[in-house]
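Asker: Enclosed is the structure file data-v7.pdb (PDB, N, CA and C atoms).
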ATOM      1  N   MET A   7      98.822  92.065 -66.859
ATOM      2  CA  MET A   7      97.824  91.647 -65.888
ATOM      3  C   MET A   7      97.979  92.481 -64.619
ATOM      4  N   THR A   8      96.870  92.796 -64.034
ATOM      5  CA  THR A   8      96.854  93.554 -62.788
ATOM      6  C   THR A   8      97.068  92.610 -61.612
ATOM      7  N   LYS A   9      97.958  93.016 -60.735
ATOM      8  CA  LYS A   9      98.214  92.205 -59.547
ATOM      9  C   LYS A   9      97.108  92.474 -58.529
ATOM     10  N   ARG A  10      96.485  91.392 -58.054
ATOM     11  CA  ARG A  10      95.410  91.489 -57.064
ATOM     12  C   ARG A  10      95.718  90.537 -55.913
ATOM     13  N   SER A  11      95.173  90.850 -54.760
ATOM     14  CA  SER A  11      95.352  90.002 -53.590
ATOM     15  C   SER A  11      94.551  88.709 -53.749
ATOM     16  N   VAL A  12      95.223  87.585 -53.563
ATOM     17  CA  VAL A  12      94.563  86.282 -53.644
ATOM     18  C   VAL A  12      93.523  86.153 -52.527
ATOM     19  N   ILE A  13      93.873  86.630 -51.348
ATOM     20  CA  ILE A  13      92.945  86.578 -50.211
ATOM     21  C   ILE A  13      91.711  87.432 -50.489
ATOM     22  N   ALA A  14      91.915  88.593 -51.109
ATOM     23  CA  ALA A  14      90.778  89.463 -51.428
ATOM     24  C   ALA A  14      89.837  88.784 -52.416
ATOM     25  N   VAL A  15      90.398  88.078 -53.398
ATOM     26  CA  VAL A  15      89.551  87.356 -54.358
ATOM     27  C   VAL A  15      88.703  86.326 -53.621
ATOM     28  N   LEU A  16      89.316  85.593 -52.704
ATOM     29  CA  LEU A  16      88.576  84.593 -51.924
ATOM     30  C   LEU A  16      87.496  85.226 -51.052
ATOM     31  N   LEU A  17      87.907  86.181 -50.245
ATOM     32  CA  LEU A  17      86.982  86.761 -49.268
ATOM     33  C   LEU A  17      85.869  87.577 -49.919
ATOM     34  N   LEU A  18      86.221  88.419 -50.877
ATOM     35  CA  LEU A  18      85.198  89.254 -51.505
ATOM     36  C   LEU A  18      84.178  88.419 -52.268
ATOM     37  N   THR A  19      84.632  87.340 -52.890
ATOM     38  CA  THR A  19      83.685  86.474 -53.590
ATOM     39  C   THR A  19      82.717  85.833 -52.603
ATOM     40  N   CYS A  20      83.221  85.410 -51.457
ATOM     41  CA  CYS A  20      82.336  84.801 -50.448
ATOM     42  C   CYS A  20      81.401  85.826 -49.817
ATOM     43  N   VAL A  21      81.934  86.992 -49.463
ATOM     44  CA  VAL A  21      81.139  88.020 -48.787
ATOM     45  C   VAL A  21      80.036  88.565 -49.697
ATOM     46  N   THR A  22      80.333  88.683 -50.992
ATOM     47  CA  THR A  22      79.336  89.229 -51.928
ATOM     48  C   THR A  22      78.498  88.136 -52.585
ATOM     49  N   PHE A  23      78.573  86.931 -52.040
ATOM     50  CA  PHE A  23      77.797  85.793 -52.559
ATOM     51  C   PHE A  23      78.039  85.551 -54.050
ATOM     52  N   GLY A  24      79.277  85.698 -54.478
ATOM     53  CA  GLY A  24      79.665  85.371 -55.843
ATOM     54  C   GLY A  24      79.681  86.528 -56.819
ATOM     55  N   ILE A  25      79.144  87.670 -56.431
ATOM     56  CA  ILE A  25      79.099  88.799 -57.365
ATOM     57  C   ILE A  25      80.508  89.283 -57.695
ATOM     58  N   TYR A  26      81.384  89.380 -56.689
ATOM     59  CA  TYR A  26      82.753  89.801 -56.973
ATOM     60  C   TYR A  26      83.447  88.796 -57.893
ATOM     61  N   GLY A  27      83.129  87.526 -57.770
ATOM     62  CA  GLY A  27      83.714  86.520 -58.657
ATOM     63  C   GLY A  27      83.388  86.795 -60.113
ATOM     64  N   ILE A  28      82.164  87.211 -60.377
ATOM     65  CA  ILE A  28      81.775  87.550 -61.751
ATOM     66  C   ILE A  28      82.515  88.805 -62.205
ATOM     67  N   VAL A  29      82.594  89.807 -61.326
ATOM     68  CA  VAL A  29      83.327  91.034 -61.653
ATOM     69  C   VAL A  29      84.787  90.707 -61.932
ATOM     70  N   TRP A  30      85.380  89.845 -61.113
ATOM     71  CA  TRP A  30      86.779  89.439 -61.289
ATOM     72  C   TRP A  30      86.974  88.758 -62.641
ATOM     73  N   MET A  31      86.045  87.860 -63.006
ATOM     74  CA  MET A  31      86.168  87.175 -64.295
ATOM     75  C   MET A  31      86.073  88.159 -65.457
ATOM     76  N   VAL A  32      85.178  89.128 -65.364
ATOM     77  CA  VAL A  32      85.035  90.121 -66.434
ATOM     78  C   VAL A  32      86.299  90.971 -66.539
ATOM     79  N   LYS A  33      86.822  91.435 -65.406
ATOM     80  CA  LYS A  33      88.033  92.265 -65.428
ATOM     81  C   LYS A  33      89.227  91.495 -65.984
ATOM     82  N   THR A  34      89.424  90.269 -65.506
ATOM     83  CA  THR A  34      90.571  89.497 -65.987
ATOM     84  C   THR A  34      90.385  89.085 -67.444
ATOM     85  N   LYS A  35      89.141  88.845 -67.871
ATOM     86  CA  LYS A  35      88.874  88.545 -69.286
ATOM     87  C   LYS A  35      89.298  89.720 -70.155
ATOM     88  N   ASN A  36      88.939  90.927 -69.750
ATOM     89  CA  ASN A  36      89.316  92.113 -70.514
ATOM     90  C   ASN A  36      90.832  92.282 -70.567
ATOM     91  N   GLU A  37      91.513  92.023 -69.452
ATOM     92  CA  GLU A  37      92.971  92.124 -69.424
ATOM     93  C   GLU A  37      93.609  91.073 -70.331
ATOM     94  N   MET A  38      93.080  89.841 -70.294
ATOM     95  CA  MET A  38      93.635  88.790 -71.152
ATOM     96  C   MET A  38      93.386  89.105 -72.623
ATOM     97  N   ASN A  39      92.208  89.621 -72.956
ATOM     98  CA  ASN A  39      91.927  89.982 -74.343
ATOM     99  C   ASN A  39      92.848  91.096 -74.821
ATOM    100  N   SER A  40      93.216  92.018 -73.945
ATOM    101  CA  SER A  40      94.138  93.080 -74.340
ATOM    102  C   SER A  40      95.545  92.536 -74.585
ATOM    103  N   GLN A  41      95.809  91.327 -74.100
ATOM    104  CA  GLN A  41      97.104  90.684 -74.313
ATOM    105  C   GLN A  41      97.071  89.659 -75.445
ATOM    106  N   GLY A  42      95.981  89.615 -76.191
ATOM    107  CA  GLY A  42      95.922  88.755 -77.366
ATOM    108  C   GLY A  42      95.044  87.526 -77.244
ATOM    109  N   ALA A  43      94.463  87.272 -76.090
ATOM    110  CA  ALA A  43      93.547  86.132 -75.951
ATOM    111  C   ALA A  43      92.242  86.464 -76.674
ATOM    112  N   SER A  44      91.474  85.450 -77.002
ATOM    113  CA  SER A  44      90.197  85.692 -77.696
ATOM    114  C   SER A  44      89.062  85.047 -76.907
ATOM    115  N   ILE A  45      88.662  85.717 -75.846
ATOM    116  CA  ILE A  45      87.584  85.235 -74.983
ATOM    117  C   ILE A  45      86.336  86.038 -75.331
ATOM    118  N   PRO A  46      85.229  85.369 -75.621
ATOM    119  CA  PRO A  46      84.011  86.101 -75.998
ATOM    120  C   PRO A  46      83.409  86.888 -74.834
ATOM    121  N   THR A  47      82.375  87.615 -75.126
ATOM    122  CA  THR A  47      81.723  88.477 -74.140
ATOM    123  C   THR A  47      81.351  87.725 -72.865
ATOM    124  N   ALA A  48      81.499  88.418 -71.756
ATOM    125  CA  ALA A  48      81.230  87.800 -70.457
ATOM    126  C   ALA A  48      79.742  87.615 -70.192
ATOM    127  N   TRP A  49      78.883  88.182 -71.009
ATOM    128  CA  TRP A  49      77.442  87.972 -70.844
ATOM    129  C   TRP A  49      77.090  86.496 -70.946
ATOM    130  N   LEU A  50      77.940  85.724 -71.586
ATOM    131  CA  LEU A  50      77.673  84.294 -71.752
ATOM    132  C   LEU A  50      77.760  83.526 -70.434
ATOM    133  N   ILE A  51      78.308  84.146 -69.400
ATOM    134  CA  ILE A  51      78.397  83.495 -68.091
ATOM    135  C   ILE A  51      77.008  83.142 -67.567
ATOM    136  N   ILE A  52      76.011  83.965 -67.890
ATOM    137  CA  ILE A  52      74.682  83.762 -67.308
ATOM    138  C   ILE A  52      73.827  82.756 -68.068
ATOM    139  N   VAL A  53      74.285  82.290 -69.228
ATOM    140  CA  VAL A  53      73.539  81.282 -69.989
ATOM    141  C   VAL A  53      74.020  79.910 -69.522
ATOM    142  N   PRO A  54      73.141  79.101 -68.940
ATOM    143  CA  PRO A  54      73.564  77.882 -68.247
ATOM    144  C   PRO A  54      74.536  76.964 -68.993
ATOM    145  N   VAL A  55      74.208  76.454 -70.140
ATOM    146  CA  VAL A  55      75.101  75.503 -70.815
ATOM    147  C   VAL A  55      76.258  76.225 -71.492
ATOM    148  N   VAL A  56      75.990  77.391 -72.037
ATOM    149  CA  VAL A  56      77.018  78.153 -72.738
ATOM    150  C   VAL A  56      78.107  78.618 -71.776
ATOM    151  N   SER A  57      77.780  78.784 -70.507
ATOM    152  CA  SER A  57      78.778  79.237 -69.539
ATOM    153  C   SER A  57      79.925  78.235 -69.398
ATOM    154  N   ILE A  58      79.653  76.970 -69.612
ATOM    155  CA  ILE A  58      80.721  75.957 -69.561
ATOM    156  C   ILE A  58      81.687  76.173 -70.720
ATOM    157  N   TRP A  59      81.149  76.422 -71.909
ATOM    158  CA  TRP A  59      81.986  76.713 -73.081
ATOM    159  C   TRP A  59      82.784  77.992 -72.838
ATOM    160  N   TRP A  60      82.118  79.010 -72.256
ATOM    161  CA  TRP A  60      82.794  80.275 -71.987
ATOM    162  C   TRP A  60      83.955  80.053 -71.021
ATOM    163  N   MET A  61      83.759  79.227 -69.975
ATOM    164  CA  MET A  61      84.845  78.948 -69.031
ATOM    165  C   MET A  61      86.003  78.237 -69.730
ATOM    166  N   TRP A  62      85.707  77.391 -70.713
ATOM    167  CA  TRP A  62      86.762  76.728 -71.479
ATOM    168  C   TRP A  62      87.576  77.763 -72.255
ATOM    169  N   LYS A  63      86.892  78.720 -72.883
ATOM    170  CA  LYS A  63      87.586  79.787 -73.623
ATOM    171  C   LYS A  63      88.400  80.660 -72.657
ATOM    172  N   TYR A  64      87.844  80.946 -71.485
ATOM    173  CA  TYR A  64      88.541  81.720 -70.463
ATOM    174  C   TYR A  64      89.819  80.983 -70.046
ATOM    175  N   ALA A  65      89.704  79.677 -69.833
ATOM    176  CA  ALA A  65      90.866  78.868 -69.449
ATOM    177  C   ALA A  65      91.932  78.903 -70.540
ATOM    178  N   GLY A  66      91.510  78.955 -71.799
ATOM    179  CA  GLY A  66      92.463  79.107 -72.899
ATOM    180  C   GLY A  66      93.196  80.435 -72.810
ATOM    181  N   GLY A  67      92.491  81.475 -72.399
ATOM    182  CA  GLY A  67      93.132  82.773 -72.192
ATOM    183  C   GLY A  67      94.143  82.729 -71.062
ATOM    184  N   VAL A  68      93.827  81.981 -70.012
ATOM    185  CA  VAL A  68      94.772  81.816 -68.896
ATOM    186  C   VAL A  68      96.053  81.165 -69.409
ATOM    187  N   GLU A  69      95.910  80.116 -70.219
ATOM    188  CA  GLU A  69      97.095  79.450 -70.772
ATOM    189  C   GLU A  69      97.892  80.413 -71.649
ATOM    190  N   HIS A  70      97.203  81.219 -72.444
ATOM    191  CA  HIS A  70      97.876  82.172 -73.330
ATOM    192  C   HIS A  70      98.671  83.207 -72.529
ATOM    193  N   VAL A  71      98.039  83.806 -71.534
ATOM    194  CA  VAL A  71      98.675  84.877 -70.768
ATOM    195  C   VAL A  71      99.828  84.351 -69.918
ATOM    196  N   THR A  72      99.691  83.144 -69.382
ATOM    197  CA  THR A  72     100.765  82.586 -68.550
ATOM    198  C   THR A  72     101.815  81.862 -69.385
ATOM    199  N   ARG A  73     101.681  81.931 -70.687
ATOM    200  CA  ARG A  73     102.617  81.285 -71.625
ATOM    201  C   ARG A  73     102.769  79.794 -71.351
ATOM    202  N   GLY A  74     101.649  79.144 -71.074
ATOM    203  CA  GLY A  74     101.630  77.701 -70.901
ATOM    204  C   GLY A  74     101.957  77.209 -69.503
ATOM    205  N   LYS A  75     102.286  78.105 -68.593
ATOM    206  CA  LYS A  75     102.598  77.664 -67.227
ATOM    207  C   LYS A  75     101.358  77.158 -66.505
ATOM    208  N   SER A  76     100.206  77.667 -66.878
ATOM    209  CA  SER A  76      98.921  77.144 -66.387
ATOM    210  C   SER A  76      98.175  76.636 -67.612
ATOM    211  N   SER A  77      97.993  75.335 -67.709
ATOM    212  CA  SER A  77      97.368  74.782 -68.909
ATOM    213  C   SER A  77      95.872  75.075 -68.940
ATOM    214  N   GLN A  78      95.316  75.034 -70.138
ATOM    215  CA  GLN A  78      93.891  75.291 -70.316
ATOM    216  C   GLN A  78      93.056  74.272 -69.557
ATOM    217  N   VAL A  79      93.451  73.009 -69.610
ATOM    218  CA  VAL A  79      92.694  71.948 -68.944
ATOM    219  C   VAL A  79      92.703  72.153 -67.429
ATOM    220  N   ILE A  80      93.870  72.437 -66.868
ATOM    221  CA  ILE A  80      93.977  72.634 -65.420
ATOM    222  C   ILE A  80      93.190  73.867 -64.986
ATOM    223  N   ALA A  81      93.307  74.963 -65.730
ATOM    224  CA  ALA A  81      92.570  76.181 -65.375
ATOM    225  C   ALA A  81      91.065  75.934 -65.423
ATOM    226  N   PHE A  82      90.609  75.186 -66.423
ATOM    227  CA  PHE A  82      89.178  74.880 -66.525
ATOM    228  C   PHE A  82      88.719  74.042 -65.337
ATOM    229  N   ILE A  83      89.485  73.020 -65.000
ATOM    230  CA  ILE A  83      89.122  72.154 -63.872
ATOM    231  C   ILE A  83      89.123  72.949 -62.566
ATOM    232  N   LEU A  84      90.116  73.818 -62.392
ATOM    233  CA  LEU A  84      90.170  74.638 -61.180
ATOM    234  C   LEU A  84      88.911  75.482 -61.031
ATOM    235  N   MET A  85      88.501  76.137 -62.117
ATOM    236  CA  MET A  85      87.327  77.008 -62.040
ATOM    237  C   MET A  85      86.039  76.209 -61.927
ATOM    238  N   PHE A  86      85.926  75.125 -62.682
ATOM    239  CA  PHE A  86      84.678  74.372 -62.729
ATOM    240  C   PHE A  86      84.458  73.548 -61.465
ATOM    241  N   VAL A  87      85.517  72.935 -60.952
ATOM    242  CA  VAL A  87      85.384  72.039 -59.800
ATOM    243  C   VAL A  87      85.590  72.778 -58.475
ATOM    244  N   LEU A  88      86.613  73.619 -58.405
ATOM    245  CA  LEU A  88      86.942  74.263 -57.135
ATOM    246  C   LEU A  88      86.327  75.647 -56.963
ATOM    247  N   GLY A  89      85.799  76.222 -58.009
ATOM    248  CA  GLY A  89      85.130  77.519 -57.912
ATOM    249  C   GLY A  89      86.037  78.620 -57.416
ATOM    250  N   VAL A  90      85.692  79.214 -56.285
ATOM    251  CA  VAL A  90      86.415  80.372 -55.765
ATOM    252  C   VAL A  90      87.862  80.021 -55.411
ATOM    253  N   ILE A  91      88.121  78.820 -54.975
ATOM    254  CA  ILE A  91      89.500  78.409 -54.681
ATOM    255  C   ILE A  91      90.304  78.350 -55.980
ATOM    256  N   GLY A  92      89.692  77.837 -57.026
ATOM    257  CA  GLY A  92      90.339  77.819 -58.334
ATOM    258  C   GLY A  92      90.619  79.218 -58.848
ATOM    259  N   MET A  93      89.680  80.132 -58.613
ATOM    260  CA  MET A  93      89.888  81.523 -59.021
ATOM    261  C   MET A  93      91.095  82.115 -58.297
ATOM    262  N   ALA A  94      91.250  81.804 -57.021
ATOM    263  CA  ALA A  94      92.385  82.310 -56.249
ATOM    264  C   ALA A  94      93.698  81.742 -56.783
ATOM    265  N   ILE A  95      93.704  80.472 -57.159
ATOM    266  CA  ILE A  95      94.914  79.860 -57.719
ATOM    267  C   ILE A  95      95.259  80.506 -59.055
ATOM    268  N   ILE A  96      94.252  80.766 -59.875
ATOM    269  CA  ILE A  96      94.484  81.427 -61.162
ATOM    270  C   ILE A  96      94.982  82.855 -60.936
ATOM    271  N   GLN A  97      94.426  83.558 -59.951
ATOM    272  CA  GLN A  97      94.904  84.909 -59.649
ATOM    273  C   GLN A  97      96.362  84.876 -59.218
ATOM    274  N   ASP A  98      96.770  83.850 -58.489
ATOM    275  CA  ASP A  98      98.173  83.707 -58.111
ATOM    276  C   ASP A  98      99.049  83.568 -59.357
ATOM    277  N   ALA A  99      98.578  82.816 -60.345
ATOM    278  CA  ALA A  99      99.322  82.684 -61.604
ATOM    279  C   ALA A  99      99.400  84.033 -62.319
ATOM    280  N   PHE A 100      98.304  84.802 -62.302
ATOM    281  CA  PHE A 100      98.316  86.138 -62.900
ATOM    282  C   PHE A 100      99.305  87.046 -62.174
ATOM    283  N   ASN A 101      99.362  86.941 -60.849
ATOM    284  CA  ASN A 101     100.293  87.757 -60.073
ATOM    285  C   ASN A 101     101.736  87.432 -60.438
ATOM    286  N   LYS A 102     102.033  86.161 -60.675
ATOM    287  CA  LYS A 102     103.391  85.773 -61.077
ATOM    288  C   LYS A 102     103.733  86.366 -62.433
ATOM    289  N   VAL A 103     102.772  86.378 -63.354
ATOM    290  CA  VAL A 103     102.989  86.986 -64.668
ATOM    291  C   VAL A 103     103.236  88.484 -64.502
ATOM    292  N   ALA A 104     102.455  89.134 -63.648
ATOM    293  CA  ALA A 104     102.619  90.572 -63.414
ATOM    294  C   ALA A 104     103.979  90.870 -62.780
ATOM    295  N   ASP A 105     104.423  90.028 -61.854
ATOM    296  CA  ASP A 105     105.721  90.227 -61.204
ATOM    297  C   ASP A 105     106.872  90.085 -62.191
ATOM    298  N   GLN A 106     106.759  89.123 -63.095
ATOM    299  CA  GLN A 106     107.821  88.867 -64.056
ATOM    300  C   GLN A 106     107.751  89.801 -65.251
ATOM    301  N   GLY A 107     106.618  90.451 -65.417
ATOM    302  CA  GLY A 107     106.452  91.344 -66.556
ATOM    303  C   GLY A 107     106.408  90.612 -67.878
ATOM    304  N   GLN A 108     106.066  89.327 -67.851
ATOM    305  CA  GLN A 108     106.032  88.515 -69.066
ATOM    306  C   GLN A 108     104.652  88.579 -69.689
ATOM    307  N   LEU A 109     104.478  89.489 -70.589
ATOM    308  CA  LEU A 109     103.218  89.584 -71.296
ATOM    309  C   LEU A 109     103.402  88.976 -72.677
ATOM    310  N   PRO A 110     102.469  88.162 -73.133
ATOM    311  CA  PRO A 110     102.648  87.436 -74.377
ATOM    312  C   PRO A 110     102.558  88.282 -75.628
ATOM    313  N   ASN A 111     102.106  89.516 -75.517
ATOM    314  CA  ASN A 111     101.874  90.313 -76.699
ATOM    315  C   ASN A 111     102.546  91.665 -76.527
ATOM    316  N   ALA A 112     103.089  92.203 -77.607
ATOM    317  CA  ALA A 112     103.758  93.494 -77.535
ATOM    318  C   ALA A 112     102.780  94.642 -77.319
ATOM    319  N   ARG A 113     101.473  94.378 -77.423
ATOM    320  CA  ARG A 113     100.474  95.423 -77.228
ATOM    321  C   ARG A 113     100.246  95.714 -75.754
ATOM    322  N   ALA A 114     101.195  95.442 -74.927
ATOM    323  CA  ALA A 114     101.021  95.643 -73.484
ATOM    324  C   ALA A 114     100.701  97.102 -73.189
ATOM    325  N   MET A 115     100.012  97.292 -72.085
ATOM    326  CA  MET A 115      99.593  98.637 -71.721
ATOM    327  C   MET A 115     100.801  99.534 -71.505
ATOM    328  N   GLY A 116     100.784 100.663 -72.147
ATOM    329  CA  GLY A 116     101.846 101.631 -71.927
ATOM    330  C   GLY A 116     102.680 101.691 -73.097
TER     331      GLY A 116
END
Now that the file is in, can you turn its structure into structure tokens?

Answerer:
Amino acid sequence: MTKRSVIAVLLLTCVTFGIYGIVWMVKTKNEMNSQGASIPTAWLIIVPVVSIWWMWKYAGGVEHVTRGKSSQVIAFILMFVLGVIGMAIIQDAFNKVADQGQLPNARAMG
């Protein structure tokens, strides 16, 4: 996982009226999929009801990459209820994974 500034995730998402949040979700989805998660295409974000299912799958990827330290249910609630604040909390979990170098799959970059 790529280490990103939690403050930047918060501020850029607000300043760009949510566009950076979508970019962040796509980038982190691709990183999680490269580590063995199975999150479908990010185009599903724009389909109203399907986007909820997509966020559930994304939250499953968060649980996979963090090796259970962030549960799927908690990650889903953070994103669905808290929005950008939840994204910042999830990015903090990704940063901890990046600091520890704990990637769940041997297919790590490099």

Asker: Spell out the residues picked by the PyMOL selection byres (((chain A and resi 37-51 and name CA) around 10) and name CA) here, as a VMD selection string.

Answerer: chain A and resid 7 to 8 28 to 29 31 to 36 52 to 72 100 109 to 115

Asker: Just say which residues the PyMOL selection byres (((chain A and resi 9 and name CA) around 10) and name CA) picks in this file, as a list in words.

Answerer: Met7, Thr8, Arg10, Ser11, Val12, Gln97, Asp98, Ala99, Phe100, Asn101, Lys102, Val103, Ala104 and Asp105 of chain A

Asker: Keeping only N, CA and C atoms, take the residues you just selected and write them out as a PDB file, keeping the file's coordinate frame.

Answerer:
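Once everything was written out, this is result.pdb:
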ATOM      1  N   MET A   7      98.822  92.065 -66.859  1.00  0.00           N
ATOM      2  CA  MET A   7      97.824  91.647 -65.888  1.00  0.00           C
ATOM      3  C   MET A   7      97.979  92.481 -64.619  1.00  0.00           C
ATOM      4  N   THR A   8      96.870  92.796 -64.034  1.00  0.00           N
ATOM      5  CA  THR A   8      96.854  93.554 -62.788  1.00  0.00           C
ATOM      6  C   THR A   8      97.068  92.610 -61.612  1.00  0.00           C
ATOM      7  N   ARG A  10      96.485  91.392 -58.054  1.00  0.00           N
ATOM      8  CA  ARG A  10      95.410  91.489 -57.064  1.00  0.00           C
ATOM      9  C   ARG A  10      95.718  90.537 -55.913  1.00  0.00           C
ATOM     10  N   SER A  11      95.173  90.850 -54.760  1.00  0.00           N
ATOM     11  CA  SER A  11      95.352  90.002 -53.590  1.00  0.00           C
ATOM     12  C   SER A  11      94.551  88.709 -53.749  1.00  0.00           C
ATOM     13  N   VAL A  12      95.223  87.585 -53.563  1.00  0.00           N
ATOM     14  CA  VAL A  12      94.563  86.282 -53.644  1.00  0.00           C
ATOM     15  C   VAL A  12      93.523  86.153 -52.527  1.00  0.00           C
ATOM     16  N   GLN A  97      94.426  83.558 -59.951  1.00  0.00           N
ATOM     17  CA  GLN A  97      94.904  84.909 -59.649  1.00  0.00           C
ATOM     18  C   GLN A  97      96.362  84.876 -59.218  1.00  0.00           C
ATOM     19  N   ASP A  98      96.770  83.850 -58.489  1.00  0.00           N
ATOM     20  CA  ASP A  98      98.173  83.707 -58.111  1.00  0.00           C
ATOM     21  C   ASP A  98      99.049  83.568 -59.357  1.00  0.00           C
ATOM     22  N   ALA A  99      98.578  82.816 -60.345  1.00  0.00           N
ATOM     23  CA  ALA A  99      99.322  82.684 -61.604  1.00  0.00           C
ATOM     24  C   ALA A  99      99.400  84.033 -62.319  1.00  0.00           C
ATOM     25  N   PHE A 100      98.304  84.802 -62.302  1.00  0.00           N
ATOM     26  CA  PHE A 100      98.316  86.138 -62.900  1.00  0.00           C
ATOM     27  C   PHE A 100      99.305  87.046 -62.174  1.00  0.00           C
ATOM     28  N   ASN A 101      99.362  86.941 -60.849  1.00  0.00           N
ATOM     29  CA  ASN A 101     100.293  87.757 -60.073  1.00  0.00           C
ATOM     30  C   ASN A 101     101.736  87.432 -60.438  1.00  0.00           C
ATOM     31  N   LYS A 102     102.033  86.161 -60.675  1.00  0.00           N
ATOM     32  CA  LYS A 102     103.391  85.773 -61.077  1.00  0.00           C
ATOM     33  C   LYS A 102     103.733  86.366 -62.433  1.00  0.00           C
ATOM     34  N   VAL A 103     102.772  86.378 -63.354  1.00  0.00           N
ATOM     35  CA  VAL A 103     102.989  86.986 -64.668  1.00  0.00           C
ATOM     36  C   VAL A 103     103.236  88.484 -64.502  1.00  0.00           C
ATOM     37  N   ALA A 104     102.455  89.134 -63.648  1.00  0.00           N
ATOM     38  CA  ALA A 104     102.619  90.572 -63.414  1.00  0.00           C
ATOM     39  C   ALA A 104     103.979  90.870 -62.780  1.00  0.00           C
ATOM     40  N   ASP A 105     104.423  90.028 -61.854  1.00  0.00           N
ATOM     41  CA  ASP A 105     105.721  90.227 -61.204  1.00  0.00           C
ATOM     42  C   ASP A 105     106.872  90.085 -62.191  1.00  0.00           C
TER      43      ASP A 105
END

Asker: Using Å and a single decimal, report how far atom CA of A:Ile96 sits from atom C of A:Lys75.

Answerer: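 Straight-line distance from atom C of A:Lys75 to atom CA of A:Ile96 works out to 9.7 Å.
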
Asker: DSSP on the backbone: what in stretch 25-104 of chain A comes out helix (DSSP H, G or I), as JSON, numbers by chain?

Answerer: {"A": [25, 26, 27, 28, 29, 30, 31, 32, 33, 34, 35, 36, 37, 38, 39, 40, 48, 49, 50, 51, 52, 56, 57, 58, 59, 60, 61, 62, 63, 64, 65, 66, 67, 68, 69, 70, 71, 78, 79, 80, 81, 82, 83, 84, 85, 86, 87, 88, 90, 91, 92, 93, 94, 95, 96, 97, 98, 99, 100, 101, 102, 103, 104]}

Asker: Taking every listed atom of stretch 32-48 of chain A and adding 4 Å to each side, what centre and edge lengths in Å (one decimal) does the axis-aligned box have, as AutoDock Vina command-line options?

Answerer:
--center_x 88.4 --center_y 89.1 --center_z -71.5 --size_x 25.4 --size_y 16.0 --size_z 20.3

Asker: Could you list, as an mmCIF file with N, CA and C atoms, in the coordinates of the input, every residue within 8 Å of A:Val15, counting all atoms listed in the file and ignoring same-chain residues fewer than 2 positions away?

Answerer:
data_model
loop_
_atom_site.group_PDB
_atom_site.id
_atom_site.type_symbol
_atom_site.label_atom_id
_atom_site.label_comp_id
_atom_site.auth_asym_id
_atom_site.auth_seq_id
_atom_site.Cartn_x
_atom_site.Cartn_y
_atom_site.Cartn_z
ATOM 1 N N ARG A 10 96.485 91.392 -58.054
ATOM 2 C CA ARG A 10 95.410 91.489 -57.064
ATOM 3 C C ARG A 10 95.718 90.537 -55.913
ATOM 4 N N SER A 11 95.173 90.850 -54.760
ATOM 5 C CA SER A 11 95.352 90.002 -53.590
ATOM 6 C C SER A 11 94.551 88.709 -53.749
ATOM 7 N N VAL A 12 95.223 87.585 -53.563
ATOM 8 C CA VAL A 12 94.563 86.282 -53.644
ATOM 9 C C VAL A 12 93.523 86.153 -52.527
ATOM 10 N N ILE A 13 93.873 86.630 -51.348
ATOM 11 C CA ILE A 13 92.945 86.578 -50.211
ATOM 12 C C ILE A 13 91.711 87.432 -50.489
ATOM 13 N N LEU A 17 87.907 86.181 -50.245
ATOM 14 C CA LEU A 17 86.982 86.761 -49.268
ATOM 15 C C LEU A 17 85.869 87.577 -49.919
ATOM 16 N N LEU A 18 86.221 88.419 -50.877
ATOM 17 C CA LEU A 18 85.198 89.254 -51.505
ATOM 18 C C LEU A 18 84.178 88.419 -52.268
ATOM 19 N N THR A 19 84.632 87.340 -52.890
ATOM 20 C CA THR A 19 83.685 86.474 -53.590
ATOM 21 C C THR A 19 82.717 85.833 -52.603
ATOM 22 N N CYS A 20 83.221 85.410 -51.457
ATOM 23 C CA CYS A 20 82.336 84.801 -50.448
ATOM 24 C C CYS A 20 81.401 85.826 -49.817
ATOM 25 N N VAL A 21 81.934 86.992 -49.463
ATOM 26 C CA VAL A 21 81.139 88.020 -48.787
ATOM 27 C C VAL A 21 80.036 88.565 -49.697
ATOM 28 N N TYR A 26 81.384 89.380 -56.689
ATOM 29 C CA TYR A 26 82.753 89.801 -56.973
ATOM 30 C C TYR A 26 83.447 88.796 -57.893
ATOM 31 N N GLY A 27 83.129 87.526 -57.770
ATOM 32 C CA GLY A 27 83.714 86.520 -58.657
ATOM 33 C C GLY A 27 83.388 86.795 -60.113
ATOM 34 N N TRP A 30 85.380 89.845 -61.113
ATOM 35 C CA TRP A 30 86.779 89.439 -61.289
ATOM 36 C C TRP A 30 86.974 88.758 -62.641
ATOM 37 N N VAL A 90 85.692 79.214 -56.285
ATOM 38 C CA VAL A 90 86.415 80.372 -55.765
ATOM 39 C C VAL A 90 87.862 80.021 -55.411
ATOM 40 N N ILE A 91 88.121 78.820 -54.975
ATOM 41 C CA ILE A 91 89.500 78.409 -54.681
ATOM 42 C C ILE A 91 90.304 78.350 -55.980
ATOM 43 N N MET A 93 89.680 80.132 -58.613
ATOM 44 C CA MET A 93 89.888 81.523 -59.021
ATOM 45 C C MET A 93 91.095 82.115 -58.297
ATOM 46 N N ALA A 94 91.250 81.804 -57.021
ATOM 47 C CA ALA A 94 92.385 82.310 -56.249
ATOM 48 C C ALA A 94 93.698 81.742 -56.783
ATOM 49 N N GLN A 97 94.426 83.558 -59.951
ATOM 50 C CA GLN A 97 94.904 84.909 -59.649
ATOM 51 C C GLN A 97 96.362 84.876 -59.218
#

Asker: Measure the distance from atom CA of A:Ile95 to atom C of A:Leu16 in Å and round it to one decimal.

Answerer: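 Spanning atom CA of A:Ile95 to atom C of A:Leu16 is a straight-line distance of 11.3 Å.
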
Asker: Quick one: distance from atom C of A:Ile25 to atom N of A:Gly89 in Å, one decimal?

Answerer: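 Here the two named atoms are 14.1 Å from each other.
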